[in-house]
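Asker: Structure: my_file01.tsv, TSV, C-alpha atoms.
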chain	number	residue	atom	x	y	z
A	7	MET	CA	5.74	-0.19	-19.00
A	8	SER	CA	2.35	1.49	-18.58
A	9	ASN	CA	1.56	3.83	-15.70
A	10	ALA	CA	-0.83	1.21	-14.29
A	11	ALA	CA	1.95	-1.41	-14.26
A	12	THR	CA	4.39	1.07	-12.73
A	13	ALA	CA	1.94	1.83	-9.91
A	14	LYS	CA	1.51	-1.84	-8.93
A	15	ALA	CA	3.35	-2.85	-5.80
A	16	VAL	CA	6.14	-5.39	-5.77
A	17	THR	CA	5.42	-8.33	-3.49
A	18	LEU	CA	7.94	-10.91	-2.33
A	19	ARG	CA	7.16	-14.46	-1.29
A	20	PRO	CA	9.00	-17.75	-0.85
A	21	GLY	CA	9.08	-19.95	-3.91
A	22	THR	CA	7.03	-23.15	-3.77
A	23	ILE	CA	7.06	-26.42	-5.66
A	24	ASP	CA	4.30	-24.95	-7.83
A	25	ASP	CA	6.82	-22.33	-9.04
A	26	VAL	CA	9.36	-24.84	-10.37
A	27	GLU	CA	8.53	-24.38	-14.07
A	28	THR	CA	8.64	-20.58	-13.69
A	29	ILE	CA	11.93	-20.72	-11.76
A	30	HIS	CA	13.53	-22.96	-14.37
A	31	ALA	CA	12.32	-20.77	-17.24
A	32	ALA	CA	13.78	-17.71	-15.48
A	33	LEU	CA	17.12	-19.48	-15.03
A	34	LEU	CA	17.17	-20.27	-18.75
A	35	ARG	CA	16.49	-16.61	-19.56
A	36	LEU	CA	19.26	-15.59	-17.14
A	37	GLY	CA	21.66	-17.96	-18.88
A	38	THR	CA	20.73	-16.49	-22.25
A	39	HIS	CA	21.14	-12.95	-20.88
A	40	VAL	CA	24.73	-13.64	-19.77
A	41	GLY	CA	25.55	-15.63	-22.91
A	42	ALA	CA	25.87	-18.97	-21.13
A	43	HIS	CA	22.58	-20.70	-21.94
A	44	GLN	CA	24.47	-23.74	-23.25
A	45	GLU	CA	25.88	-24.33	-19.75
A	46	ILE	CA	22.47	-24.80	-18.15
A	47	THR	CA	21.75	-28.50	-17.92
A	48	SER	CA	19.33	-28.44	-14.97
A	49	THR	CA	15.74	-29.51	-15.45
A	50	PRO	CA	12.56	-28.60	-13.59
A	51	GLU	CA	12.73	-32.07	-12.04
A	52	ASP	CA	16.21	-31.27	-10.64
A	53	LEU	CA	14.79	-28.15	-9.01
A	54	ARG	CA	11.86	-30.11	-7.59
A	55	ARG	CA	14.12	-32.84	-6.23
A	56	TYR	CA	16.83	-30.64	-4.72
A	57	GLY	CA	14.92	-27.51	-3.79
A	58	PHE	CA	11.61	-28.78	-2.53
A	59	SER	CA	12.40	-32.06	-0.80
A	60	ALA	CA	12.62	-32.84	2.92
A	61	ASN	CA	16.18	-31.44	3.00
A	62	PRO	CA	16.25	-28.64	0.39
A	63	ALA	CA	19.60	-27.59	-1.07
A	64	PHE	CA	18.37	-24.07	-1.85
A	65	SER	CA	15.54	-21.61	-1.30
A	66	THR	CA	13.95	-19.14	-3.66
A	67	LEU	CA	12.39	-15.76	-3.12
A	68	ILE	CA	9.94	-14.73	-5.83
A	69	ALA	CA	9.06	-11.15	-6.75
A	70	GLU	CA	5.68	-10.44	-8.29
A	71	VAL	CA	4.05	-7.32	-9.65
A	72	GLY	CA	0.28	-7.49	-9.77
A	73	GLY	CA	0.47	-11.26	-9.34
A	74	GLU	CA	2.81	-11.61	-12.34
A	75	PHE	CA	6.29	-13.13	-11.98
A	76	ALA	CA	8.87	-10.32	-11.99
A	77	GLY	CA	12.04	-11.95	-10.67
A	78	LEU	CA	13.72	-14.32	-8.27
A	79	CYS	CA	16.62	-14.82	-5.92
A	80	LEU	CA	17.86	-18.39	-5.50
A	81	HIS	CA	20.06	-18.76	-2.40
A	82	PHE	CA	21.33	-21.15	0.26
A	83	PRO	CA	23.01	-20.97	3.68
A	84	ILE	CA	26.79	-20.93	4.02
A	85	PHE	CA	29.17	-20.68	6.95
A	86	SER	CA	32.41	-18.77	7.53
A	87	THR	CA	34.87	-20.60	9.74
A	88	TRP	CA	36.94	-17.42	9.96
A	89	MET	CA	34.03	-15.35	11.25
A	90	GLY	CA	32.42	-18.25	13.06
A	91	ARG	CA	29.05	-17.17	11.73
A	92	PRO	CA	26.54	-18.19	9.08
A	93	GLY	CA	25.81	-16.28	5.92
A	94	VAL	CA	23.90	-16.65	2.68
A	95	TYR	CA	25.12	-17.38	-0.83
A	96	VAL	CA	23.10	-15.93	-3.69
A	97	GLN	CA	23.39	-18.33	-6.59
A	98	ASP	CA	21.05	-16.58	-9.02
A	99	LEU	CA	19.40	-13.17	-9.09
A	100	TYR	CA	17.07	-12.51	-12.01
A	101	VAL	CA	14.62	-9.74	-12.89
A	102	GLU	CA	12.42	-9.84	-15.98
A	103	ASP	CA	13.43	-7.15	-18.50
A	104	ARG	CA	10.05	-5.40	-18.40
A	105	PHE	CA	10.33	-4.96	-14.62
A	106	ARG	CA	13.89	-3.65	-14.49
A	107	GLY	CA	14.41	-0.21	-13.03
A	108	ARG	CA	11.93	-0.82	-10.20
A	109	ARG	CA	14.60	-1.91	-7.68
A	110	ILE	CA	13.25	-5.46	-7.67
A	111	GLY	CA	16.73	-7.00	-7.59
A	112	GLU	CA	17.62	-4.79	-4.65
A	113	LYS	CA	14.40	-5.71	-2.84
A	114	LEU	CA	15.08	-9.41	-3.35
A	115	LEU	CA	18.65	-9.13	-2.06
A	116	ARG	CA	17.63	-7.02	0.95
A	117	GLN	CA	14.93	-9.51	1.93
A	118	VAL	CA	17.35	-12.44	1.66
A	119	ALA	CA	19.87	-10.47	3.77
A	120	LYS	CA	17.17	-9.72	6.38
A	121	GLU	CA	16.22	-13.39	6.59
A	122	CYS	CA	19.88	-14.36	6.92
A	123	ARG	CA	20.44	-11.77	9.66
A	124	ALA	CA	17.36	-12.97	11.56
A	125	ALA	CA	18.93	-16.46	11.56
A	126	GLY	CA	22.20	-15.12	13.00
A	127	GLY	CA	23.93	-14.52	9.68
A	128	VAL	CA	26.46	-11.77	9.16
A	129	TYR	CA	27.32	-11.83	5.46
A	130	LEU	CA	26.13	-12.34	1.88
A	131	ARG	CA	28.25	-13.75	-0.93
A	132	LEU	CA	27.67	-14.08	-4.65
A	133	SER	CA	29.61	-14.42	-7.87
A	134	VAL	CA	29.31	-12.18	-10.91
A	135	ASP	CA	30.21	-13.09	-14.48
A	136	THR	CA	33.50	-11.34	-15.18
A	137	ASP	CA	32.22	-9.50	-18.23
A	138	ASN	CA	28.83	-8.46	-16.78
A	139	GLU	CA	29.67	-4.83	-16.11
A	140	THR	CA	26.02	-3.86	-15.50
A	141	ALA	CA	25.69	-6.44	-12.71
A	142	LYS	CA	29.02	-5.41	-11.18
A	143	ALA	CA	27.92	-1.77	-11.09
A	144	PHE	CA	24.55	-2.78	-9.59
A	145	TYR	CA	26.19	-4.76	-6.77
A	146	GLU	CA	28.75	-2.01	-6.11
A	147	ARG	CA	25.90	0.53	-5.83
A	148	LEU	CA	24.36	-1.67	-3.13
A	149	GLY	CA	27.66	-1.95	-1.26
A	150	ILE	CA	28.33	-5.53	-2.36
A	151	GLY	CA	31.96	-5.21	-3.37
A	152	TRP	CA	34.47	-7.30	-5.23
A	153	SER	CA	36.77	-9.40	-3.07
A	154	SER	CA	40.32	-8.74	-4.20
A	155	TYR	CA	41.77	-11.59	-2.15
A	156	GLU	CA	39.59	-14.45	-3.40
A	157	GLN	CA	39.13	-16.27	-6.68
A	158	VAL	CA	36.42	-18.81	-7.45
A	159	GLN	CA	37.75	-22.25	-8.36
A	160	LYS	CA	35.61	-25.11	-9.63
A	161	ILE	CA	35.68	-28.62	-11.01
A	162	VAL	CA	32.65	-30.02	-12.83
A	163	GLY	CA	31.41	-32.90	-14.94
A	164	ASP	CA	33.71	-35.77	-15.83
A	165	ALA	CA	36.67	-34.11	-14.11
A	166	PHE	CA	34.65	-33.87	-10.88
A	167	PHE	CA	33.54	-37.49	-11.08
A	168	ALA	CA	37.09	-38.67	-11.76
A	169	PHE	CA	38.36	-36.62	-8.82
A	170	ALA	CA	35.63	-37.84	-6.45
A	171	ASP	CA	35.98	-41.46	-7.54
A	172	THR	CA	39.78	-41.68	-7.36
A	173	PRO	CA	40.68	-44.23	-4.66
A	174	GLU	CA	42.88	-43.19	-1.77
A	175	GLU	CA	46.50	-44.24	-2.11
Take the structure I supplied and represent it as structure tokens, if you would.
Answerer:
Amino acid sequence: MSNAATAKAVTLRPGTIDDVETIHAALLRLGTHVGAHQEITSTPEDLRRYGFSANPAFSTLIAEVGGEFAGLCLHFPIFSTWMGRPGVYVQDLYVEDRFRGRRIGEKLLRQVAKECRAAGGVYLRLSVDTDNETAKAFYERLGIGWSSYEQVQKIVGDAFFAFADTPEE
């Protein structure tokens, strides 16, 4: 990265419907980075429909450097019944390779945490790919630790549909 690019400030802003193609492209690059690109079946239209409708399922925070896309944090509200308080779940955090090392991921996460706190939230959750040691070390450095008492469970695709569509006995 040139000295001029290094000197440019990082700006953060909410994602808009005009960012959908950029957001989707970043998610595809993230999938490739973690070796799971084949698992991404979303389309830009899915993001438009579910993220930028009257009742959005998620929000995005975009990082830019000199007006150029540098990264994103895709997140949504969650709630802890045990704490009795809201929180935020970070679904995807991505920083373009050429902008890494500028604390953009940290800035994105801190801004999302600030917004959550302003809305009464008290916690942030996310999942990390089990073999992504770099990401684990990054989150640990920020104080976002591994939960030893929880394990993520999921059901997707045909198994999910069969489960959801099974009639009550």
Asker: Which residues, written as a list in words, have at least one atom at most 7 Å from segment 122-126 of chain A, with all atoms listed in the file counted and residues fewer than 6 positions away on the same chain left out?
Answerer: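 Residues near the query, excluding close chain neighbours: Pro92, Gly93 and Val94 of chain A.
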Asker: For Val16 of chain A, work out the shell of residues within 10 Å, counting all atoms listed in the file and skipping chain neighbours fewer than 2 positions away, then give it as a ChimeraX atom specification.
Answerer: /A:12-14,18,69-76,105,108-110,113
Asker: Write to file, as a CSV table (one decimal), keeping the file's coordinate frame, the residues of the selection just made, with C-alpha atoms.
Answerer:
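Output (again_20.csv):
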chain,number,residue,atom,x,y,z
A,12,THR,CA,4.4,1.1,-12.7
A,13,ALA,CA,1.9,1.8,-9.9
A,14,LYS,CA,1.5,-1.8,-8.9
A,18,LEU,CA,7.9,-10.9,-2.3
A,69,ALA,CA,9.1,-11.2,-6.8
A,70,GLU,CA,5.7,-10.4,-8.3
A,71,VAL,CA,4.0,-7.3,-9.6
A,72,GLY,CA,0.3,-7.5,-9.8
A,73,GLY,CA,0.5,-11.3,-9.3
A,74,GLU,CA,2.8,-11.6,-12.3
A,75,PHE,CA,6.3,-13.1,-12.0
A,76,ALA,CA,8.9,-10.3,-12.0
A,105,PHE,CA,10.3,-5.0,-14.6
A,108,ARG,CA,11.9,-0.8,-10.2
A,109,ARG,CA,14.6,-1.9,-7.7
A,110,ILE,CA,13.2,-5.5,-7.7
A,113,LYS,CA,14.4,-5.7,-2.8
Asker: From the set A:Lys142, A:Arg91, A:His81, A:His43, which residue has the shortest atom-to-atom contact distance to Leu67 of chain A, counting all atoms listed in the file?
Answerer: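 Smallest distance to Leu67 of chain A is found for A:His81.
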Asker: Counting all atoms listed in the file, which of A:Ile23, A:Val101, A:Ile84, A:Ala42 gets nearest to Arg55 of chain A?
Answerer: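 When distances to Arg55 of chain A are compared using all atoms listed in the file, the smallest one comes from A:Ile23.
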Asker: My list of candidates is A:Val26, A:Glu175, A:Tyr100, A:Glu112. Which is closest to Thr38 of chain A when distances are computed with all atoms listed in the file?
Answerer: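 Looking at the shortest contact to Thr38 of chain A, the residue is A:Tyr100.
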